[in-house]
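run_6.cif, holding mmCIF, C-alpha atoms:
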data_data
#
loop_
_atom_site.label_atom_id
_atom_site.label_comp_id
_atom_site.auth_asym_id
_atom_site.auth_seq_id
_atom_site.Cartn_x
_atom_site.Cartn_y
_atom_site.Cartn_z
CA MET A 1 -51.69 22.45 60.61
CA THR A 2 -53.99 25.34 59.69
CA ALA A 3 -51.58 27.90 61.15
CA PHE A 4 -48.63 26.14 59.54
CA ARG A 5 -50.33 26.09 56.16
CA SER A 6 -51.42 29.73 56.41
CA LEU A 7 -47.95 30.94 57.38
CA SER A 8 -46.28 28.90 54.65
CA THR A 9 -48.72 30.19 52.03
CA ALA A 10 -48.22 33.78 53.17
CA MET A 11 -44.42 33.43 53.01
CA ILE A 12 -44.53 31.89 49.53
CA LYS A 13 -46.78 34.68 48.26
CA GLY A 14 -44.55 37.32 49.79
CA PHE A 15 -41.51 35.68 48.21
CA LEU A 16 -43.08 35.51 44.75
CA ARG A 17 -44.28 39.10 44.91
CA ASP A 18 -40.86 40.48 45.81
CA ARG A 19 -39.14 40.97 42.45
CA MET A 20 -35.84 41.99 44.00
CA THR A 21 -35.69 38.79 46.05
CA LEU A 22 -36.55 36.69 43.02
CA PHE A 23 -33.75 38.38 41.09
CA PHE A 24 -31.07 37.73 43.71
CA VAL A 25 -32.25 34.19 44.44
CA PHE A 26 -32.61 32.96 40.85
CA LEU A 27 -31.40 35.36 38.15
CA PHE A 28 -28.32 36.80 39.87
CA PRO A 29 -26.48 33.48 40.47
CA LEU A 30 -27.88 32.09 37.23
CA MET A 31 -26.16 34.94 35.39
CA PHE A 32 -22.81 33.67 36.70
CA LEU A 33 -23.60 30.15 35.50
CA VAL A 34 -24.53 31.41 32.03
CA VAL A 35 -21.54 33.78 31.73
CA PHE A 36 -18.98 31.25 32.93
CA GLY A 37 -20.64 28.51 30.93
CA LEU A 38 -20.38 30.57 27.73
CA LEU A 39 -16.80 31.63 28.47
CA PHE A 40 -15.62 28.07 29.01
CA SER A 41 -17.95 26.28 26.59
CA ASP A 42 -15.19 26.38 23.98
CA PRO A 43 -11.89 26.00 25.83
CA GLY A 44 -9.97 26.33 22.56
CA SER A 45 -6.48 25.03 22.14
CA ASP A 46 -4.81 23.62 25.22
CA LYS A 47 -1.35 24.03 23.68
CA THR A 48 1.21 26.52 24.97
CA LYS A 49 2.55 28.70 22.18
CA ILE A 50 6.33 29.20 22.19
CA GLY A 51 8.91 30.55 19.79
CA THR A 52 11.68 28.47 18.23
CA VAL A 53 14.99 29.35 16.58
CA GLY A 54 16.98 26.81 14.62
CA ASP A 55 16.17 23.32 13.47
CA GLY A 56 16.84 19.69 14.36
CA PRO A 57 15.39 16.59 16.03
CA VAL A 58 14.75 18.35 19.35
CA LEU A 59 12.25 20.75 17.80
CA SER A 60 10.63 17.92 15.85
CA ALA A 61 10.22 15.96 19.07
CA LEU A 62 8.74 18.99 20.84
CA GLU A 63 6.16 19.39 18.09
CA GLN A 64 5.23 15.71 18.35
CA THR A 65 4.43 16.02 22.06
CA GLY A 66 1.19 17.79 21.14
CA ALA A 67 1.49 20.09 24.17
CA LEU A 68 3.34 22.94 22.47
CA GLU A 69 2.54 25.14 19.49
CA LEU A 70 5.79 26.15 17.81
CA GLU A 71 6.24 29.53 16.12
CA LYS A 72 9.46 29.68 14.10
CA TYR A 73 11.75 32.74 14.04
CA GLY A 74 14.79 33.43 11.88
CA ASP A 75 17.01 34.89 14.58
CA SER A 76 17.22 34.69 18.37
CA ALA A 77 17.14 38.48 18.89
CA THR A 78 13.62 38.76 17.43
CA ALA A 79 12.41 35.75 19.39
CA ARG A 80 13.89 37.05 22.64
CA GLN A 81 12.17 40.39 22.10
CA LYS A 82 8.83 38.58 21.82
CA VAL A 83 9.42 37.04 25.24
CA ASN A 84 10.57 40.38 26.64
CA ASP A 85 7.38 42.05 25.34
CA GLY A 86 5.21 39.38 26.94
CA ASP A 87 3.92 38.01 23.61
CA LEU A 88 5.41 34.57 24.26
CA PRO A 89 6.09 32.74 27.55
CA ALA A 90 9.33 31.17 26.26
CA VAL A 91 11.61 30.60 23.29
CA VAL A 92 13.66 27.49 22.52
CA VAL A 93 16.93 28.25 20.71
CA VAL A 94 18.69 25.27 19.13
CA ASP A 95 22.27 25.68 17.98
CA GLY A 96 23.71 22.30 17.03
CA ASP A 97 23.66 20.17 20.18
CA GLN A 98 23.06 23.16 22.45
CA VAL A 99 19.45 23.81 23.52
CA GLU A 100 18.65 27.05 25.32
CA VAL A 101 15.27 27.96 26.86
CA VAL A 102 14.62 31.68 27.29
CA PHE A 103 11.54 32.24 29.43
CA ALA A 104 9.55 35.05 31.05
CA ALA A 105 9.79 34.96 34.83
CA SER A 106 6.49 36.86 35.03
CA ASP A 107 4.62 33.82 33.67
CA GLN A 108 6.00 31.10 35.90
CA VAL A 109 3.26 28.57 35.18
CA ALA A 110 3.75 28.59 31.39
CA ALA A 111 7.52 28.84 31.76
CA GLY A 112 7.62 25.88 34.11
CA THR A 113 5.51 23.87 31.69
CA VAL A 114 7.80 24.65 28.76
CA ILE A 115 10.99 23.93 30.72
CA GLY A 116 9.58 20.62 31.95
CA ILE A 117 8.58 19.48 28.45
CA VAL A 118 11.87 20.54 26.87
CA SER A 119 13.89 18.87 29.64
CA GLY A 120 11.90 15.68 29.27
CA VAL A 121 12.39 15.58 25.51
CA VAL A 122 16.12 16.29 25.77
CA ASP A 123 16.61 13.65 28.48
CA LYS A 124 14.77 11.07 26.41
CA MET A 125 16.84 11.86 23.32
CA ASN A 126 20.06 11.64 25.36
CA LEU A 127 19.10 8.17 26.59
CA THR A 128 18.25 7.10 23.05
CA ALA A 129 21.57 8.42 21.74
CA ALA A 130 23.46 6.61 24.53
CA GLY A 131 21.67 3.34 23.77
CA VAL A 132 20.49 2.99 27.39
CA PRO A 133 17.02 1.39 27.74
CA PRO A 134 14.64 3.29 30.03
CA ARG A 135 14.29 1.78 33.50
CA PHE A 136 11.10 3.58 34.53
CA THR A 137 7.96 4.34 32.55
CA VAL A 138 5.14 6.77 33.28
CA GLU A 139 1.45 6.18 32.61
CA ALA A 140 -0.99 9.05 33.14
CA THR A 141 -4.70 8.29 33.61
CA SER A 142 -7.51 10.74 34.38
CA VAL A 143 -10.00 9.70 37.08
CA GLU A 144 -12.77 11.61 35.29
CA ASP A 145 -14.12 11.15 31.81
CA ALA A 146 -11.98 13.09 29.34
CA SER A 147 -15.15 14.31 27.64
CA LEU A 148 -16.25 16.31 30.68
CA LYS A 149 -16.83 19.98 30.00
CA PRO A 150 -16.11 22.91 32.32
CA ILE A 151 -19.86 23.25 32.99
CA GLN A 152 -19.61 19.97 34.96
CA TYR A 153 -17.42 21.73 37.50
CA LEU A 154 -19.07 25.14 37.39
CA THR A 155 -22.61 23.99 38.10
CA PRO A 156 -22.08 22.40 41.57
CA GLY A 157 -20.13 25.37 42.93
CA ILE A 158 -22.41 28.12 41.61
CA LEU A 159 -25.51 26.17 42.64
CA SER A 160 -24.17 25.84 46.20
CA TRP A 161 -23.44 29.56 46.20
CA ALA A 162 -27.01 30.28 45.06
CA ILE A 163 -28.34 28.14 47.93
CA SER A 164 -26.21 30.11 50.39
CA ILE A 165 -27.56 33.42 49.04
CA SER A 166 -31.14 32.22 49.29
CA GLY A 167 -30.72 30.81 52.80
CA VAL A 168 -28.87 33.72 54.38
CA PHE A 169 -30.66 36.59 52.69
CA GLY A 170 -34.09 34.96 52.91
CA SER A 171 -34.03 34.36 56.65
CA ALA A 172 -32.10 37.51 57.62
CA LEU A 173 -34.18 40.00 55.63
CA THR A 174 -37.45 38.29 56.58
CA MET A 175 -36.64 38.45 60.30
CA VAL A 176 -35.55 42.09 60.18
CA SER A 177 -38.56 43.12 58.11
CA TRP A 178 -41.01 41.26 60.32
CA ARG A 179 -39.50 42.70 63.51
CA LYS A 180 -39.47 46.22 62.06
CA LYS A 181 -43.11 45.97 60.92
CA GLN A 182 -44.22 44.41 64.22
CA VAL A 183 -45.20 41.16 62.47
CA LEU A 184 -43.19 39.11 64.95
CA ARG A 185 -44.95 40.84 67.82
CA ARG A 186 -48.36 39.98 66.38
CA ILE A 187 -47.33 36.37 65.79
CA ARG A 188 -46.07 36.13 69.35
CA LEU A 189 -49.44 37.35 70.66
CA ALA A 190 -51.35 35.02 68.32
CA PRO A 191 -52.12 31.39 69.28
CA VAL A 192 -49.24 30.16 67.10
CA SER A 193 -46.19 28.38 68.49
CA THR A 194 -42.64 29.47 67.69
CA THR A 195 -41.98 26.01 66.26
CA THR A 196 -44.78 26.46 63.74
CA VAL A 197 -43.40 29.81 62.58
CA LEU A 198 -39.87 28.45 62.30
CA THR A 199 -40.76 25.22 60.50
CA SER A 200 -42.97 27.03 57.99
CA ARG A 201 -40.11 29.42 57.14
CA VAL A 202 -37.67 26.51 56.85
CA LEU A 203 -40.08 24.68 54.55
CA VAL A 204 -40.26 27.70 52.24
CA SER A 205 -36.45 27.95 52.21
CA VAL A 206 -36.05 24.26 51.39
CA GLY A 207 -38.67 24.49 48.65
CA THR A 208 -36.84 27.49 47.19
CA ALA A 209 -33.55 25.56 47.24
CA VAL A 210 -35.09 22.62 45.40
CA ALA A 211 -36.55 25.02 42.82
CA GLN A 212 -33.11 26.62 42.41
CA GLY A 213 -31.56 23.20 41.89
CA ILE A 214 -34.09 22.28 39.20
CA VAL A 215 -33.67 25.59 37.36
CA PHE A 216 -29.86 25.49 37.50
CA VAL A 217 -29.58 21.89 36.33
CA ALA A 218 -32.16 22.47 33.58
CA VAL A 219 -30.25 25.50 32.25
CA ALA A 220 -26.88 23.74 32.50
CA MET A 221 -28.23 20.71 30.61
CA LEU A 222 -29.19 22.82 27.60
CA PRO A 223 -27.23 21.84 24.46
CA LEU A 224 -25.47 25.21 24.63
CA PHE A 225 -23.73 24.13 27.86
CA GLY A 226 -24.02 20.34 27.83
CA LEU A 227 -24.12 19.34 31.51
CA GLN A 228 -24.19 15.55 31.95
CA LEU A 229 -25.40 14.16 35.27
CA THR A 230 -23.23 11.28 36.43
CA GLY A 231 -23.50 8.52 38.99
CA GLN A 232 -26.03 8.91 41.77
CA TRP A 233 -26.71 12.57 41.03
CA TYR A 234 -29.93 12.52 43.04
CA LEU A 235 -27.81 12.40 46.20
CA ALA A 236 -27.39 16.14 45.68
CA LEU A 237 -30.91 16.62 47.10
CA PRO A 238 -29.92 15.85 50.73
CA LEU A 239 -27.04 18.30 50.37
CA LEU A 240 -29.45 20.96 49.11
CA VAL A 241 -31.62 20.48 52.20
CA LEU A 242 -28.75 20.36 54.69
CA GLY A 243 -27.01 23.31 53.05
CA THR A 244 -30.23 25.33 53.19
CA MET A 245 -30.54 24.59 56.91
CA ALA A 246 -26.97 25.69 57.58
CA PHE A 247 -27.29 28.96 55.69
CA PHE A 248 -30.75 29.55 57.14
CA ALA A 249 -29.15 29.40 60.60
CA ILE A 250 -26.54 31.96 59.52
CA GLY A 251 -29.31 34.23 58.26
CA MET A 252 -31.18 33.91 61.56
CA LEU A 253 -28.05 34.96 63.42
CA VAL A 254 -27.54 37.94 61.12
CA GLY A 255 -31.19 38.94 61.46
CA ALA A 256 -30.98 38.76 65.24
CA PHE A 257 -28.35 41.52 65.36
CA CYS A 258 -29.35 43.80 62.48
CA LYS A 259 -32.11 46.39 62.87
CA THR A 260 -32.64 47.41 59.22
CA GLU A 261 -32.86 45.59 55.90
CA GLU A 262 -29.85 47.55 54.64
CA ALA A 263 -27.72 46.44 57.56
CA ALA A 264 -28.85 42.84 57.16
CA SER A 265 -28.10 42.89 53.44
CA GLY A 266 -24.63 44.34 54.03
CA ALA A 267 -23.82 41.82 56.77
CA ALA A 268 -25.05 38.93 54.62
CA ASN A 269 -22.88 40.07 51.71
CA LEU A 270 -19.91 40.41 54.05
CA ILE A 271 -20.34 36.74 54.97
CA ILE A 272 -21.36 35.20 51.66
CA MET A 273 -18.94 36.77 49.18
CA PRO A 274 -15.65 35.98 50.99
CA MET A 275 -16.98 32.52 51.79
CA ALA A 276 -17.76 31.93 48.11
CA PHE A 277 -14.25 32.86 46.99
CA LEU A 278 -12.57 30.86 49.77
CA SER A 279 -14.74 27.77 49.24
CA GLY A 280 -13.92 27.04 45.61
CA THR A 281 -17.07 28.45 44.02
CA PHE A 282 -15.30 30.42 41.29
CA PHE A 283 -11.82 28.86 41.24
CA PRO A 284 -10.27 25.65 42.63
CA VAL A 285 -9.32 26.23 46.25
CA GLU A 286 -6.55 23.65 45.84
CA ASN A 287 -4.50 26.37 44.13
CA ALA A 288 -4.60 28.55 47.24
CA PRO A 289 -1.87 28.56 49.94
CA ALA A 290 -2.01 25.73 52.49
CA TRP A 291 -3.08 28.01 55.35
CA LEU A 292 -5.93 29.42 53.27
CA GLN A 293 -7.11 25.91 52.40
CA ALA A 294 -7.16 25.09 56.12
CA VAL A 295 -9.25 28.21 56.81
CA SER A 296 -11.71 27.27 54.06
CA ASN A 297 -12.46 23.98 55.83
CA ALA A 298 -14.26 25.99 58.50
CA PHE A 299 -16.86 27.20 55.99
CA PRO A 300 -20.01 25.15 55.30
CA LEU A 301 -19.97 26.25 51.66
CA ARG A 302 -16.60 24.53 51.13
CA HIS A 303 -18.00 21.17 52.26
CA MET A 304 -21.22 21.64 50.31
CA ASN A 305 -19.19 22.41 47.17
CA ASP A 306 -17.07 19.30 47.66
CA GLY A 307 -20.10 17.08 48.23
CA MET A 308 -21.99 18.43 45.22
CA LEU A 309 -18.92 17.98 43.04
CA ASP A 310 -18.48 14.38 44.20
CA VAL A 311 -22.05 13.27 43.46
CA LEU A 312 -22.71 15.34 40.34
CA VAL A 313 -19.33 15.09 38.58
CA ARG A 314 -17.16 12.40 40.06
CA GLY A 315 -19.87 9.75 40.17
CA LYS A 316 -19.38 8.92 43.85
CA GLY A 317 -22.03 7.27 46.01
CA ILE A 318 -23.53 7.89 49.41
CA GLU A 319 -20.13 7.65 51.11
CA ALA A 320 -19.32 11.06 49.62
CA LEU A 321 -22.11 12.60 51.71
CA LEU A 322 -20.81 11.51 55.10
CA LEU A 323 -18.30 14.29 55.80
CA PRO A 324 -20.22 17.18 54.13
CA SER A 325 -23.45 16.13 55.84
CA ALA A 326 -21.79 15.84 59.25
CA VAL A 327 -20.21 19.29 58.90
CA LEU A 328 -23.44 20.92 57.69
CA ILE A 329 -25.50 19.35 60.50
CA ALA A 330 -22.96 20.35 63.15
CA PHE A 331 -22.81 23.87 61.73
CA THR A 332 -26.61 24.16 61.71
CA LEU A 333 -26.96 23.01 65.32
CA THR A 334 -24.18 25.28 66.58
CA ILE A 335 -25.17 28.47 64.76
CA GLY A 336 -28.88 27.71 65.27
CA PHE A 337 -28.35 27.44 69.03
CA ILE A 338 -26.52 30.76 69.13
CA ALA A 339 -29.20 32.41 66.98
CA ALA A 340 -31.93 31.12 69.28
CA ARG A 341 -30.14 32.53 72.31
CA VAL A 342 -29.85 36.05 70.85
CA PHE A 343 -33.25 36.05 69.11
CA ARG A 344 -35.41 39.12 69.78
CA TRP A 345 -39.12 39.48 69.10
CA GLU A 346 -38.92 43.30 69.16
CA ASP A 347 -36.21 45.97 68.80
#
Please render this file's structure as structure tokens.
Amino acid sequence: MTAFRSLSTAMIKGFLRDRMTLFFVFLFPLMFLVVFGLLFSDPGSDKTKIGTVGDGPVLSALEQTGALELEKYGDSATARQKVNDGDLPAVVVVDGDQVEVVFAASDQVAAGTVIGIVSGVVDKMNLTAAGVPPRFTVEATSVEDASLKPIQYLTPGILSWAISISGVFGSALTMVSWRKKQVLRRIRLAPVSTTTVLTSRVLVSVGTAVAQGIVFVAVAMLPLFGLQLTGQWYLALPLLVLGTMAFFAIGMLVGAFCKTEEAASGAANLIIMPMAFLSGTFFPVENAPAWLQAVSNAFPLRHMNDGMLDVLVRGKGIEALLLPSAVLIAFTLTIGFIAARVFRWED
């Protein structure tokens, strides 16, 4: 225990004295949380602005949907030019009983939304005019609280990304630095077991992850951002630990192959950044192509993101940890075994 305590204390002191490491572990990912939190703190109007030409019950019904913001024009030529210039996604031209939708093909999402709303309104008015009662009705219900803010979804993903940075960079750079400075050689010759060295480094990584979680949640819960913890939020702690272990194993593998800190930093970035984008850290991965979603399932960060989102936002219980935990444990054992096989005490 004396050797374990001494190694742990030395690693903590080295971590706290390295300003660059502190920046990339805490401030760098926290900057993303603050920037995205400020950008999306006021989502503004969720209405799609379109142009209209003419008058009549169709336009009145469109305005009553609450999903469209109508901007009236006196003639269709001016309105069409607005669409052509990219100022508006679509224009609805009403001429008696004829309704025409002119849309910009370059903005397919907004155009599809407008066409769907206009078609729905016209179909409903046709049924009403024909005196035919509707056979089917639609009821839309959100599974999450409508009061949830974007920070609820940003925090889990960016926090998981911060854990991955800390785990990979911390273990990789430490191993390369210690091997380069002959620290590993001295430890090997000292009466200290490899298990003691490894567990002390893991303990420091887990402690850092917990500190990151506390800082991130505390910042996100400020009134400026308004994070609200839901359900059994404390179940995020096991995910923090398991995620740290998985990314620690990746860092050990990177450190086993790299000979300089620069090479280790470049290799770690090459792994972490694509993984972050493909795992739903900055945008929903559900919007990606099907094959890319399948690829993302191979990344531990994807499963950590999903688990953190379930327990922090969606209010799910311990059942939400089963799949992410199983994947993270399997990933840790597999990559850890490979890292142990290629581990080198000296260059």
(request) In Å, rounded to a single decimal, give me how far CA of Leu253 in chain A is from CA of Ser177 in chain A. (result)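 Computing the Euclidean distance for CA of Ser177 in chain A and CA of Leu253 in chain A yields 14.3 Å.
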(request) Rounded to one decimal place, report the CA of Lys181 in chain A-CA of Asp18 in chain A distance in Å. (result) 16.2 Å
(request) Evaluate the PyMOL selection byres ((chain A and resi 30) around 9) on the structure here and hand back the selected residues as a list of chain:residue names. (result)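 That selection, the PyMOL selection byres ((chain A and resi 30) around 9), comes back as A:Val25, A:Phe26, A:Leu27, A:Phe28, A:Pro29, A:Met31, A:Phe32, A:Leu33, A:Val34, A:Val35, A:Ile158, A:Leu159, A:Ala162, A:Val215, A:Phe216, A:Val219.
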(message) Calculated over all atoms listed in the file, which of the candidates A:Ile318, A:Gly120, A:Met304, A:Gly86 has the smallest distance to Ala105 in chain A?
(response) A:Gly86
(request) Return the single residue from A:Val118, A:Ile214, A:Leu22, A:Ala267 that is closest to Ser60 in chain A, with distances computed using all atoms listed in the file. (result)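 Closest candidate: A:Val118.
Restricting the calculation to all atoms listed in the file, the smallest distance between Gly37 in chain A and any of A:Val327, A:Leu222, A:Ala129, A:Ala263 is found for A:Leu222.
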(message) On this structure, the PyMOL selection byres ((chain A and resi 323) around 12) would catch which residues? List them as a list in words, sorted by chain and number.
(response)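 When the PyMOL selection byres ((chain A and resi 323) around 12) is applied to the shown file, the picked residues are Leu239, Asn297, Pro300, Arg302, His303, Met304, Asn305, Asp306, Gly307, Met308, Asp310, Ile318, Glu319, Ala320, Leu321, Leu322, Pro324, Ser325, Ala326, Val327, Leu328, Ile329 and Ala330 of chain A.
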(request) On this file, the PyMOL selection byres ((chain A and resi 240) around 12) gives some set of residues; write that set as number ranges by chain. (result) A: 156, 159-164, 166-167, 205-214, 233-239, 241-248, 301, 303-305, 307-308, 321, 324-325, 328
(request) Please check which residues have atoms at most 12 Å from (3.0, 19.6, 21.2) in the file's coordinates, counting all atoms listed in the file, and write them as a PyMOL selection string. (result) chain A and resi 45-50+58-71+113-114+117-118+121
(message) Ranking A:Val204, A:Val92, A:Val99, A:Ile250 by minimum distance to Leu16 in chain A and counting all atoms listed in the file, which one comes first?
(response)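 Ranking A:Val204, A:Val92, A:Val99, A:Ile250 by distance to Leu16 in chain A, first place goes to A:Val204.
Residue nearest Glu262 in chain A, chosen from A:Val176, A:Leu127, A:Arg188, A:Gly96 and counting all atoms listed in the file: A:Val176.
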(message) Can you measure CA of Val183 in chain A to CA of Asn269 in chain A for me? One decimal in Å is fine.
(response)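 According to the coordinates, CA of Val183 in chain A and CA of Asn269 in chain A are separated by 24.8 Å.
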(request) Using all atoms listed in the file, find the one residue out of A:Ala110, A:Val217, A:Ala256, A:Met20 that sits nearest to Val342 in chain A. (result)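 Comparing A:Ala110, A:Val217, A:Ala256, A:Met20 against Val342 in chain A, the winner is A:Ala256.
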(message) Which residues are near Arg185 in chain A? Cut-off 7 Å, all atoms listed in the file, ignore same chain within fewer than 4 positions. Put them as number ranges by chain.
(response) A: 189, 345-346
(request) Quick one: residues within 8 Å of (-33.6, 37.9, 50.6) (file frame), counting all atoms listed in the file, please, as a list in words. (result) Thr21, Phe24, Val25, Ile165, Ser166, Gly167, Val168, Phe169, Gly170, Ser171, Ala172, Leu173, Thr174 and Ser265 of chain A
Coordinates of box centre and edge lengths for range 196-201 of chain A, 3 Å on every side, axis-aligned, as JSON:
{"center_x": -42.3, "center_y": 27.5, "center_z": 60.4, "size_x": 10.9, "size_y": 10.6, "size_z": 12.6}
